[in-house]
Every structure is written in C-alpha cells, then in structure tokens.
$ cat input.cif   # mmCIF, C-alpha atoms and all ligand atoms
data_entry
#
loop_
_atom_site.label_atom_id
_atom_site.label_comp_id
_atom_site.auth_asym_id
_atom_site.auth_seq_id
_atom_site.Cartn_x
_atom_site.Cartn_y
_atom_site.Cartn_z
CA MET A 1 99.72 125.72 -139.49
CA LEU A 2 97.40 123.15 -140.87
CA MET A 3 94.92 120.62 -139.70
CA PRO A 4 91.32 120.59 -140.85
CA VAL A 5 88.60 119.95 -138.30
CA ALA A 6 85.58 117.87 -139.12
CA SER A 7 82.47 117.89 -136.99
CA ALA A 8 82.14 114.83 -134.84
CA PHE A 9 79.22 112.50 -134.58
CA ARG A 10 77.70 113.07 -137.97
CA THR A 11 74.91 110.61 -138.53
CA SER A 12 72.04 110.55 -140.95
CA HIS A 13 69.57 109.26 -138.43
CA SER A 14 67.90 111.96 -136.35
CA LEU A 15 66.88 109.73 -133.43
CA ALA A 16 70.36 108.31 -133.16
CA THR A 17 71.68 111.87 -133.26
CA VAL A 18 69.43 112.96 -130.43
CA VAL A 19 70.44 110.01 -128.29
CA VAL A 20 74.11 110.55 -129.00
CA VAL A 21 73.88 114.23 -128.18
CA ALA A 22 72.01 113.43 -124.97
CA LEU A 23 74.64 110.90 -124.02
CA LEU A 24 77.40 113.34 -124.84
CA CYS A 25 75.83 116.04 -122.69
CA SER A 26 75.32 113.70 -119.76
CA CYS A 27 78.80 112.23 -119.98
CA SER A 28 80.79 115.38 -120.57
CA THR A 29 80.15 116.75 -117.11
CA SER A 30 81.29 113.54 -115.48
CA PHE A 31 84.74 113.58 -117.02
CA MET A 32 85.21 117.32 -117.35
CA GLN A 33 88.22 118.06 -115.25
CA GLN A 34 89.48 121.44 -114.19
CA VAL A 35 93.23 121.65 -114.23
CA HIS A 36 94.41 123.69 -111.29
CA ALA A 37 97.53 121.90 -110.18
CA VAL A 38 100.84 121.53 -111.91
CA GLU A 39 101.37 117.88 -112.69
CA SER A 40 104.48 115.79 -112.10
CA PRO A 41 107.27 115.74 -113.33
CA TYR A 42 106.86 119.53 -113.38
CA GLU A 43 106.77 121.26 -110.03
CA THR A 44 104.95 124.29 -108.75
CA VAL A 45 107.36 127.20 -108.89
CA GLU A 46 107.22 130.73 -107.56
CA ILE A 47 105.74 132.82 -110.36
CA CYS A 48 104.52 136.21 -109.16
CA GLY A 49 107.98 137.29 -108.06
CA HIS A 50 109.04 137.30 -111.72
CA VAL A 51 106.18 139.33 -113.17
CA GLU A 52 107.90 142.65 -112.43
CA GLN A 53 110.95 141.48 -114.38
CA LEU A 54 109.13 140.90 -117.67
CA THR A 55 110.46 142.87 -120.61
CA PHE A 56 108.96 141.20 -123.68
CA ASN A 57 108.09 144.04 -126.05
CA GLY A 58 104.99 143.56 -128.22
CA THR A 59 105.65 146.70 -130.25
CA LEU A 60 109.06 145.47 -131.37
CA THR A 61 107.53 142.07 -132.12
CA ASN A 62 104.82 143.67 -134.21
CA GLN A 63 107.45 145.65 -136.14
CA SER A 64 109.07 142.34 -137.04
CA VAL A 65 105.71 141.03 -138.28
CA GLN A 66 105.49 144.09 -140.54
CA TRP A 67 109.09 143.63 -141.70
CA GLN A 68 108.56 139.94 -142.50
CA THR A 69 105.41 140.58 -144.50
CA ASN A 70 107.21 143.37 -146.38
CA LEU A 71 109.71 140.73 -147.51
CA GLY A 72 106.84 138.98 -149.29
CA PRO A 73 105.76 135.34 -148.89
CA ARG A 74 108.54 133.30 -147.21
CA ILE A 75 108.05 130.09 -149.13
CA PRO A 76 110.98 127.63 -148.98
CA GLY A 77 113.79 128.54 -151.35
CA SER A 78 112.60 132.12 -151.89
CA ASN A 79 114.71 135.26 -151.53
CA ALA A 80 112.37 136.39 -148.75
CA SER A 81 113.06 133.17 -146.86
CA GLU A 82 116.80 133.71 -147.23
CA ALA A 83 116.48 137.32 -146.06
CA PHE A 84 114.79 136.13 -142.90
CA ARG A 85 117.58 133.66 -142.18
CA ASN A 86 120.23 136.31 -142.80
CA SER A 87 118.52 138.64 -140.37
CA VAL A 88 118.47 135.99 -137.63
CA GLU A 89 122.16 135.33 -138.14
CA GLU A 90 123.04 139.04 -138.06
CA ASN A 91 120.96 139.90 -134.99
CA LEU A 92 121.49 136.95 -132.68
CA THR A 93 125.11 137.72 -131.88
CA GLN A 94 124.95 136.18 -128.40
CA TRP A 95 123.49 132.93 -129.66
CA ASN A 96 125.00 129.97 -131.45
CA VAL A 97 123.07 130.13 -134.74
CA SER A 98 123.09 127.43 -137.39
CA ASN A 99 121.12 126.69 -140.54
CA HIS A 100 120.12 123.12 -141.38
CA GLU A 101 119.20 122.37 -144.97
CA TYR A 102 117.28 119.23 -145.91
CA THR A 103 115.79 117.86 -149.11
CA VAL A 104 112.74 115.62 -148.79
CA ASP A 105 110.52 114.59 -151.69
CA ASN A 106 112.33 117.09 -153.96
CA LEU A 107 111.54 119.94 -151.56
CA THR A 108 114.59 121.74 -150.15
CA PHE A 109 114.03 123.64 -146.93
CA THR A 110 116.13 125.15 -144.14
CA ASN A 111 115.55 125.16 -140.40
CA ILE A 112 117.23 127.78 -138.25
CA GLU A 113 118.46 126.81 -134.80
CA ALA A 114 119.78 129.20 -132.15
CA THR A 115 121.15 127.85 -128.89
CA LEU A 116 122.10 129.54 -125.64
CA SER A 117 123.62 127.40 -122.91
CA PRO A 118 124.78 128.21 -119.38
CA GLN A 119 128.55 128.35 -118.94
CA ASP A 120 128.73 125.10 -117.01
CA ALA A 121 126.60 123.17 -119.51
CA ASP A 122 127.38 119.57 -120.30
CA GLY A 123 125.73 116.86 -122.39
CA GLU A 124 122.96 116.41 -119.86
CA THR A 125 122.01 120.04 -119.27
CA PRO A 126 118.23 120.34 -119.45
CA ARG A 127 116.85 122.33 -122.31
CA VAL A 128 113.65 124.06 -123.35
CA VAL A 129 112.90 124.27 -127.07
CA LEU A 130 110.75 127.11 -128.39
CA VAL A 131 109.46 126.66 -131.92
CA ALA A 132 107.80 128.69 -134.66
CA HIS A 133 107.54 128.19 -138.40
CA TYR A 134 108.91 131.02 -140.49
CA ASP A 135 107.64 129.84 -143.86
CA THR A 136 104.30 131.02 -145.16
CA ARG A 137 101.71 129.11 -147.10
CA ASN A 138 102.25 128.87 -150.85
CA VAL A 139 98.52 128.86 -151.59
CA ALA A 140 95.44 130.62 -150.21
CA GLU A 141 92.95 127.81 -150.65
CA ARG A 142 90.40 129.39 -148.32
CA ASP A 143 90.37 132.81 -149.95
CA SER A 144 87.01 134.07 -151.18
CA ASP A 145 88.56 135.21 -154.47
CA GLU A 146 88.80 132.02 -156.51
CA ASN A 147 91.23 133.69 -158.92
CA ARG A 148 93.77 134.14 -156.14
CA THR A 149 93.68 130.80 -154.30
CA ASP A 150 96.87 129.68 -156.07
CA GLU A 151 98.84 132.69 -154.84
CA PRO A 152 101.03 132.52 -151.71
CA ILE A 153 99.94 134.45 -148.62
CA VAL A 154 102.05 136.96 -146.68
CA GLY A 155 101.22 135.15 -143.43
CA ALA A 156 101.25 137.96 -140.87
CA ASN A 157 99.68 135.74 -138.20
CA ASP A 158 100.28 132.31 -139.73
CA GLY A 159 104.06 132.49 -139.88
CA ALA A 160 105.34 135.94 -138.96
CA SER A 161 103.73 136.21 -135.51
CA GLY A 162 105.42 133.17 -134.01
CA ALA A 163 108.69 133.82 -135.82
CA ALA A 164 108.70 137.40 -134.52
CA ALA A 165 108.00 136.29 -130.95
CA LEU A 166 111.02 133.99 -131.08
CA LEU A 167 113.14 136.90 -132.32
CA GLU A 168 112.00 139.07 -129.44
CA LEU A 169 112.67 136.26 -126.97
CA ALA A 170 116.14 135.93 -128.50
CA ARG A 171 116.71 139.60 -127.67
CA ILE A 172 115.78 139.29 -124.01
CA ILE A 173 116.81 135.75 -123.00
CA PRO A 174 120.60 136.35 -122.75
CA SER A 175 120.14 138.83 -119.89
CA MET A 176 118.03 136.33 -117.94
CA ASN A 177 121.11 134.18 -117.14
CA LEU A 178 119.05 131.00 -117.08
CA GLY A 179 120.57 127.90 -115.55
CA TYR A 180 119.45 125.71 -118.43
CA GLU A 181 119.73 125.65 -122.21
CA VAL A 182 117.23 127.34 -124.50
CA LYS A 183 116.97 126.38 -128.12
CA LEU A 184 115.02 128.52 -130.56
CA LEU A 185 113.89 126.59 -133.62
CA TRP A 186 112.47 128.35 -136.65
CA THR A 187 111.09 125.59 -138.81
CA ASP A 188 110.76 125.82 -142.58
CA ALA A 189 108.18 124.10 -144.80
CA GLU A 190 105.53 123.76 -142.10
CA ASP A 191 102.76 125.27 -144.14
CA GLN A 192 103.30 124.16 -147.73
CA HIS A 193 100.45 122.70 -149.72
CA TYR A 194 101.29 119.03 -149.88
CA SER A 195 99.09 115.96 -149.74
CA PRO A 196 99.04 114.36 -147.27
CA HIS A 197 100.18 117.31 -145.20
CA ARG A 198 103.74 117.20 -143.91
CA PHE A 199 105.52 119.19 -141.23
CA PHE A 200 108.80 118.96 -143.07
CA GLY A 201 110.96 121.19 -140.87
CA ALA A 202 109.77 119.81 -137.54
CA GLU A 203 109.97 116.24 -138.81
CA ALA A 204 113.54 116.75 -140.04
CA TRP A 205 114.55 118.27 -136.70
CA ALA A 206 112.99 115.40 -134.74
CA GLY A 207 114.62 112.85 -137.01
CA HIS A 208 118.06 114.18 -136.11
CA GLN A 209 117.78 114.19 -132.30
CA SER A 210 119.97 111.83 -130.30
CA GLN A 211 118.41 109.91 -127.42
CA LEU A 212 120.48 112.02 -125.04
CA ASP A 213 119.05 115.23 -126.51
CA ILE A 214 115.52 113.81 -126.40
CA ASN A 215 115.97 112.87 -122.75
CA ARG A 216 117.22 116.31 -121.71
CA THR A 217 114.42 118.20 -123.49
CA ASP A 218 112.08 119.18 -120.68
CA ALA A 219 109.66 121.13 -122.85
CA TYR A 220 109.02 121.81 -126.54
CA ILE A 221 106.59 124.66 -127.05
CA VAL A 222 105.27 125.79 -130.42
CA LEU A 223 104.07 129.38 -130.93
CA ASP A 224 101.83 129.69 -133.96
CA MET A 225 99.14 132.24 -134.88
CA ILE A 226 99.55 134.18 -131.64
CA GLY A 227 98.93 137.69 -132.98
CA ASP A 228 95.19 137.85 -133.60
CA ALA A 229 93.80 141.06 -132.17
CA ASP A 230 90.97 138.91 -130.76
CA LEU A 231 93.28 136.51 -128.91
CA GLN A 232 91.65 133.24 -127.78
CA LEU A 233 94.03 130.57 -126.54
CA THR A 234 92.80 127.09 -125.61
CA HIS A 235 94.11 123.69 -124.69
CA VAL A 236 95.20 121.92 -127.86
CA TRP A 237 95.38 118.20 -128.44
CA PRO A 238 97.35 116.10 -129.10
CA GLY A 239 99.77 117.48 -126.53
CA ASN A 240 101.59 116.57 -123.34
CA ASN A 241 99.14 117.15 -120.50
CA GLU A 242 101.76 117.53 -117.79
CA LEU A 243 103.33 120.33 -119.81
CA TRP A 244 99.87 121.84 -120.37
CA SER A 245 99.36 121.88 -116.60
CA THR A 246 102.19 124.42 -116.32
CA ILE A 247 100.44 126.90 -118.62
CA THR A 248 97.37 127.56 -116.46
CA PRO A 249 99.23 129.11 -113.48
CA LEU A 250 101.37 131.21 -115.84
CA ALA A 251 98.30 132.50 -117.65
CA GLN A 252 96.48 133.08 -114.38
CA ALA A 253 99.41 135.05 -112.98
CA LEU A 254 99.08 137.46 -115.93
CA GLY A 255 95.30 137.88 -115.73
CA MET A 256 94.60 135.70 -118.77
CA VAL A 257 92.17 133.30 -117.08
CA GLU A 258 88.59 134.44 -116.62
CA ASN A 259 87.66 135.33 -113.03
CA GLN A 260 90.95 133.99 -111.66
CA THR A 261 92.95 136.45 -109.60
CA ASP A 262 96.25 137.54 -111.13
CA CYS A 263 99.46 138.51 -109.32
CA ASN A 264 98.15 142.04 -108.86
CA GLY A 265 94.93 140.88 -107.23
CA GLN A 266 92.84 141.68 -110.28
CA ALA A 267 90.28 139.33 -111.81
CA GLY A 268 91.48 137.88 -115.09
CA ILE A 269 89.74 138.04 -118.45
CA LYS A 270 89.11 135.17 -120.83
CA ILE A 271 92.21 134.91 -123.00
CA PHE A 272 93.39 131.40 -122.13
CA ASP A 273 90.60 128.82 -121.74
CA MET A 274 91.93 125.47 -120.55
CA ASN A 275 88.41 124.00 -120.53
CA THR A 276 88.11 124.20 -124.28
CA SER A 277 90.19 121.75 -126.25
CA ILE A 278 90.76 121.98 -129.99
CA GLY A 279 92.43 119.33 -132.11
CA VAL A 280 95.34 120.76 -134.06
CA TYR A 281 98.16 119.06 -135.91
CA ASP A 282 101.17 121.33 -135.98
CA ASP A 283 104.95 121.33 -135.47
CA HIS A 284 104.57 119.72 -132.02
CA ILE A 285 103.52 116.33 -133.40
CA ALA A 286 106.96 115.21 -134.57
CA ALA A 287 108.44 115.99 -131.13
CA LEU A 288 105.61 114.17 -129.35
CA ASP A 289 106.23 111.17 -131.57
CA ILE A 290 109.83 110.81 -130.37
CA GLY A 291 108.88 111.15 -126.70
CA ILE A 292 109.48 114.85 -126.05
CA PRO A 293 106.86 116.67 -123.95
CA ALA A 294 105.39 119.09 -126.48
CA ILE A 295 102.46 121.48 -126.75
CA ASP A 296 101.14 123.96 -129.30
CA LEU A 297 100.19 127.50 -128.23
CA ILE A 298 97.90 128.55 -131.06
CA ASP A 299 94.78 130.61 -131.61
CA ILE A 300 93.12 128.81 -134.50
CA ARG A 301 90.06 131.10 -134.42
CA TYR A 302 91.64 133.94 -136.41
CA GLY A 303 89.50 137.05 -136.71
CA PRO A 304 86.37 138.43 -135.03
CA ASN A 305 83.95 135.60 -134.14
CA ALA A 306 85.95 133.17 -136.25
CA THR A 307 85.33 129.44 -135.91
CA PRO A 308 88.28 127.05 -135.60
CA PHE A 309 90.08 126.89 -138.96
CA GLY A 310 87.86 129.68 -140.24
CA GLY A 311 88.23 133.45 -140.39
CA TYR A 312 91.37 134.83 -142.06
CA TRP A 313 93.24 131.53 -141.82
CA HIS A 314 94.87 130.59 -145.15
CA THR A 315 93.46 133.60 -146.95
CA HIS A 316 94.94 136.81 -148.34
CA GLU A 317 93.34 138.56 -145.35
CA ASP A 318 96.16 137.27 -143.13
CA THR A 319 97.81 140.71 -143.13
CA PRO A 320 99.63 142.81 -140.47
CA ASP A 321 96.59 144.98 -139.72
CA LYS A 322 94.87 141.89 -138.24
CA VAL A 323 97.77 141.32 -135.85
CA SER A 324 98.11 143.32 -132.65
CA ALA A 325 101.16 144.24 -130.59
CA GLU A 326 99.08 143.67 -127.47
CA SER A 327 98.29 140.05 -128.32
CA LEU A 328 101.91 139.35 -129.22
CA GLU A 329 103.00 140.86 -125.92
CA THR A 330 100.42 138.86 -123.96
CA VAL A 331 101.72 135.55 -125.29
CA GLY A 332 105.34 136.66 -125.21
CA ARG A 333 105.13 137.68 -121.56
CA MET A 334 103.62 134.33 -120.65
CA VAL A 335 106.49 132.50 -122.35
CA GLU A 336 109.02 134.82 -120.72
CA LEU A 337 107.41 134.15 -117.32
CA GLY A 338 107.68 130.42 -117.92
CA LEU A 339 111.36 130.77 -118.74
CA ARG A 340 112.23 133.06 -115.83
CA SER A 341 110.34 131.02 -113.24
CA GLY A 342 111.73 127.68 -114.42
CA ALA A 343 108.19 126.39 -114.85
CA TRP A 344 109.24 124.07 -117.68
CA LEU A 345 112.00 122.18 -115.92
CA ARG A 346 111.18 118.62 -114.95
CA THR A 347 112.36 116.89 -111.82
CA ASN A 348 113.42 113.28 -111.36
CA VAL A 349 112.88 112.17 -114.90
CA THR A 350 114.47 108.99 -116.12
CA GLN A 351 114.67 107.95 -119.73
CA ASN A 352 111.72 105.58 -119.57
CA GLU A 353 109.48 108.15 -118.00
CA ASN A 354 109.74 110.50 -120.95
CA LEU A 355 106.70 109.09 -122.63
CA GLU A 356 103.79 108.82 -120.25
CA PRO A 357 101.13 106.18 -120.87
CA GLU A 358 98.70 108.97 -121.60
CA ASP A 359 100.92 110.26 -124.40
CA LEU A 360 101.25 106.81 -125.86
CA GLN A 361 97.50 106.57 -125.82
CA GLU A 362 97.17 109.97 -127.47
CA ASN A 363 99.74 109.19 -130.11
CA SER A 364 98.15 105.89 -130.97
CA SER A 365 94.82 107.62 -131.50
CA ASN A 366 96.19 110.24 -133.88
CA GLU A 367 94.49 108.80 -136.91
CA THR A 368 91.06 108.65 -135.32
CA SER A 369 91.65 112.10 -133.85
CA LYS A 370 91.74 113.51 -137.34
CA GLU A 371 88.30 112.16 -138.08
CA MET A 372 86.72 112.93 -134.73
CA ASN A 373 88.27 116.28 -134.20
CA THR A 374 85.94 118.61 -132.36
CA GLU A 375 85.80 121.44 -129.91
CA THR A 376 84.65 120.13 -126.56
CA THR A 377 84.81 120.80 -122.88
CA VAL A 378 86.77 117.62 -122.37
CA THR A 379 90.16 118.11 -120.81
CA HIS A 380 91.25 114.61 -119.96
CA PRO A 381 92.15 112.71 -123.14
CA LEU A 382 92.16 109.20 -121.71
CA LEU A 383 88.76 109.57 -120.11
CA ALA A 384 87.54 111.46 -123.12
CA THR A 385 88.59 108.76 -125.53
CA LEU A 386 87.02 106.06 -123.37
CA ALA A 387 83.78 108.02 -123.16
CA LEU A 388 83.76 108.85 -126.86
CA SER A 389 84.35 105.19 -127.72
CA SER A 390 81.43 104.18 -125.50
CA ILE A 391 79.25 106.81 -127.15
CA GLY A 392 80.22 105.53 -130.57
CA ILE A 393 79.29 101.97 -129.66
CA LEU A 394 76.01 103.14 -128.11
CA ALA A 395 75.25 105.18 -131.23
CA LEU A 396 75.74 102.13 -133.41
CA LEU A 397 73.54 100.12 -131.08
CA VAL A 398 70.78 102.73 -131.17
CA ALA A 399 70.98 103.03 -134.96
CA PHE A 400 70.77 99.25 -135.25
CA LEU A 401 67.77 99.07 -132.91
CA VAL A 402 65.96 101.88 -134.75
CA TRP A 403 66.63 100.24 -138.08
CA ASN A 404 65.33 96.93 -136.77
CA THR A 405 62.21 98.60 -135.37
CA ARG A 406 61.43 100.21 -138.74
CA LYS A 407 61.91 96.94 -140.54
CA ASP A 408 59.27 95.39 -138.29
CA PHE A 409 56.76 98.03 -139.41
ZN ZN B 1 98.96 127.72 -141.89
#
$ encode --input "input.cif" --output "structure tokens"
Amino acid sequence: MLMPVASAFRTSHSLATVVVVALLCSCSTSFMQQVHAVESPYETVEICGHVEQLTFNGTLTNQSVQWQTNLGPRIPGSNASEAFRNSVEENLTQWNVSNHEYTVDNLTFTNIEATLSPQDADGETPRVVLVAHYDTRNVAERDSDENRTDEPIVGANDGASGAAALLELARIIPSMNLGYEVKLLWTDAEDQHYSPHRFFGAEAWAGHQSQLDINRTDAYIVLDMIGDADLQLTHVWPGNNELWSTITPLAQALGMVENQTDCNGQAGIKIFDMNTSIGVYDDHIAALDIGIPAIDLIDIRYGPNATPFGGYWHTHEDTPDKVSAESLETVGRMVELGLRSGAWLRTNVTQNENLEPEDLQENSSNETSKEMNTETTVTHPLLATLALSSIGILALLVAFLVWNTRKDF
C-alpha cells in the first residue's frame, strides 16, 4: 500500500510551536472518544458463541505467503502475476471466479473476483466485500541500498499477506453457509510506482459498480500488511466509523484489546488499538468515494519498533521471514468471526443513508488529510477536524501576534 505521512503542525517559530502543542494537548482529551458500542446501522450481535467455530489456519496462510514470494515479484503483466491468478481459479472450485482486465494510462492490470452467494440470493442480497492487493511494488524506493531501489520487491507482507488471507478465507467460507453474499476481490496495480499515486485495481472495480450493488454492500474491508510478526493494528482514517465500531468487539472477543476481557475471561493484549488513528490511503478510498462503508485493516508499522511508513515497508527486507503465521491467524480469525457472527450486516438502510454526513465530511477533507496526516489519539474525525481547524487558526493568530511584537522592538 502507499500513502506517505508528513508530520503535522510544522512551524518555524518556536513560541508558536509551543502554544500549538499546548493547545493540542489540552484539546485532545476533550474530544478523545472511546468506542465501546457498535454504531447504527450495524447492530450488536452475539460473538462469543462463534469463537469455538473458528478454523482460519495461519500456517496454511503463511505457506501461501512463501509460495507467492517464490513466484517472484507479482507486478502487473508478469508471469508471476498470471501464476497467482491461475492458482486462484484452480483452487476456488466452490466459488464463481472471474478475471477483469483493464487498461488505464497504458497500464494493463487484472482484478480477480470470487463470489459466493446463498442459494436464495436475488439482486438485493446483502454482501460483504473482502479486499487485498496481489500485486507487489515495482520499485524499492525506501531500500538502504541505493543500487537496488529500482528493483521490484517480493512483497511478503505488502501484497502476499493480504492475498494469502483471502485465499484461506476462500477455503473456509463455503462451509459457513452464510445467509449473505461474500465477494473476495484481489486487486491488481495497487502498489505500482506512479505519480500521483493511483489505486488502479480498486478504482476500476468501484467504477464498474451499479447503484444496486453499491446499496447492497454492507461492508468493504481491506486486508493489507497483516503479517508483521510484531502486529500492531490501529484505527485508520479515512474510513467508515460505523464499520470501525464493529471491529472493537470482535478484537476484544479474541483478546486483542489491551486489558479488555476476551471470551475466555482472559485479559487481552495490545494488538488492536482503536485509540490510535493513522492516516492511510489504500484500496478502501475508491469504495468510500462511491458511498460504500469501507475500512482498511493494516499495520503500517512494519518491523520491530517501526514508525508508520518506516521499517521494512517498500524495501527488499519485505521477505517471508518477517511475516508470522501467528499474526496472519490473529487477523484471519477476527475476519472469520465477523463473517460468522454477521457483525457486518446493516439493518434498515435505505439508499440515501449509505453515505453518512461524517463520511461526506471525511471525503471532502481528503486533500488536507494528506498534508496533515499524523498519528494521534483522536478517534472522532468530525470533532477532530473542527479542533484541528481551530488550532490552525489559533496558530496563525499567535504567529501573527509574535511577529507584530518583534516588529515593535
Ligand atoms: Zn506498498
């Protein structure tokens, strides 16, 4: 995946900086909001009763990561990319699998879609879309070896991990007999070096959805970079907050939330931290833009003590030995639990309710988000944006006052 993060609130004036930081500290507590409840139109569902049923296998998933990296870089149009598609088609015998080739800006790429519908499905059957990119980056611009930055990476975590999780879900979903449709979408050309960055596969998919299909899509969940041995999941923005509210109870049920009791009565450990929010542009943006509730499950701090968009990300160090079966299984079980419990089905949704005011607000602030992207403890985007705007204005005011004071001297 790709989206660079710049530090927020850079200013050359130290006094202004101090004031801004002070304001930020004082404000952040006032709008910090713990998310404990599932938000409408999603409903609280029974979760713990499904934990015993979970069968997602992290070892098999990790074997797929190894297999994919053995194919070599899966850049669009490569033999390795084709081999991956062939494997999906051969293995998903219970699914309706189709390839969708597009050419945009002279780049030809192919999405893979696999669909499983209940027997009584009709044109309005709700669906959940699970997404991962299967292409790998064609450059390693962050590698420490300057002689190798032009070479493609094998993408064990950034590419293979999400793609492998979808394959494992494809293996186990048919036996769940779900009462709704599941679509698995392996996007191509998510991670190609292109300026400005494009999410070609996800954009092409979104551009071909009918209004009826948009309306019946209850959730669109991206899995990207989920295999880091040091797994640290957070809230990611932009994203649909109602859909995010369903993730906390699922994570808590599996002991992934620090000090929260899981279904076995054990205290959880810090794997999923809803109170930290990181700005990431990924394959969920195109779906959000057409009004589908979408989120991105991603650990963008890849490697021990890595900072966001640091560590092994986009380097030749993104190799299978950095990916763990345990992490893959942790995320995979959470997704399986969401599917089995029906946590991602909405109730009473009409067409006009698809895009909540909050999402509209988030979408409209995409451009500024890129510039102001930061890791914070803010969890409510509307309040956050209001507060950040106020801070910005105050900062300008302070800078102006300081400048005026100095002029007087
Ligand atoms: Zn990437």
$ closest_residue --input "input.cif" --among "A:Val182, A:Ala204, A:Val128, A:Ala287" --to "A:Glu101" --atoms "all atoms listed in the file"
A:Ala204
$ closest_residue --input "input.cif" --among "A:Ala140, A:Val131, A:Ile226, A:Met334" --to "A:Val154" --atoms "all atoms listed in the file"
A:Ala140
$ closest_atom_pairs --input "input.cif" --of "chain A" --to "ligand ZN 1 (chain B)" --cutoff "8 Å" --atoms "all atoms listed in the file" --output "JSON lines"
{"residue": "A:Met1", "atom": "CA", "partner": "B:ZN1", "partner_atom": "ZN", "distance": 3.2}
{"residue": "A:Leu2", "atom": "CA", "partner": "B:ZN1", "partner_atom": "ZN", "distance": 4.9}
{"residue": "A:Thr136", "atom": "CA", "partner": "B:ZN1", "partner_atom": "ZN", "distance": 7.1}
{"residue": "A:Arg137", "atom": "CA", "partner": "B:ZN1", "partner_atom": "ZN", "distance": 6.1}
{"residue": "A:Gly155", "atom": "CA", "partner": "B:ZN1", "partner_atom": "ZN", "distance": 7.9}
{"residue": "A:Asp158", "atom": "CA", "partner": "B:ZN1", "partner_atom": "ZN", "distance": 5.2}
{"residue": "A:Gly159", "atom": "CA", "partner": "B:ZN1", "partner_atom": "ZN", "distance": 7.3}
{"residue": "A:Glu190", "atom": "CA", "partner": "B:ZN1", "partner_atom": "ZN", "distance": 7.7}
{"residue": "A:Asp191", "atom": "CA", "partner": "B:ZN1", "partner_atom": "ZN", "distance": 5.1}
{"residue": "A:Trp313", "atom": "CA", "partner": "B:ZN1", "partner_atom": "ZN", "distance": 6.9}
{"residue": "A:His314", "atom": "CA", "partner": "B:ZN1", "partner_atom": "ZN", "distance": 6.0}
$ closest_residue --input "input.cif" --among "A:Leu339, A:Ile292, A:Ala165, A:Leu297" --to "A:Asn57" --atoms "only C-alpha atoms"
A:Ala165
$ atom_distance --input "input.cif" --atom1 "atom CA of A:Gln63" --atom2 "atom CA of A:Gln192"
24.8 Å
$ residues_around --input "input.cif" --residues "A:Gly265" --least-positions-apart "4" --cutoff "10 Å" --atoms "all atoms listed in the file" --output "VMD selection string"
chain A and resid 253 255 260 to 261
$ residues_around --input "input.cif" --residues "A:Val139" --least-positions-apart "6" --cutoff "7 Å" --atoms "all atoms listed in the file" --output "ChimeraX atom specification"
/A:149-153,193
$ closest_residue --input "input.cif" --among "A:Ala306, A:Ala164, A:Ala37, A:Leu185" --to "A:Ser98" --atoms "only C-alpha atoms"
A:Leu185
$ closest_residue --input "input.cif" --among "A:Asn241, A:Gln232, A:Thr187, A:Ser161" --to "A:His100" --atoms "all atoms listed in the file"
A:Thr187
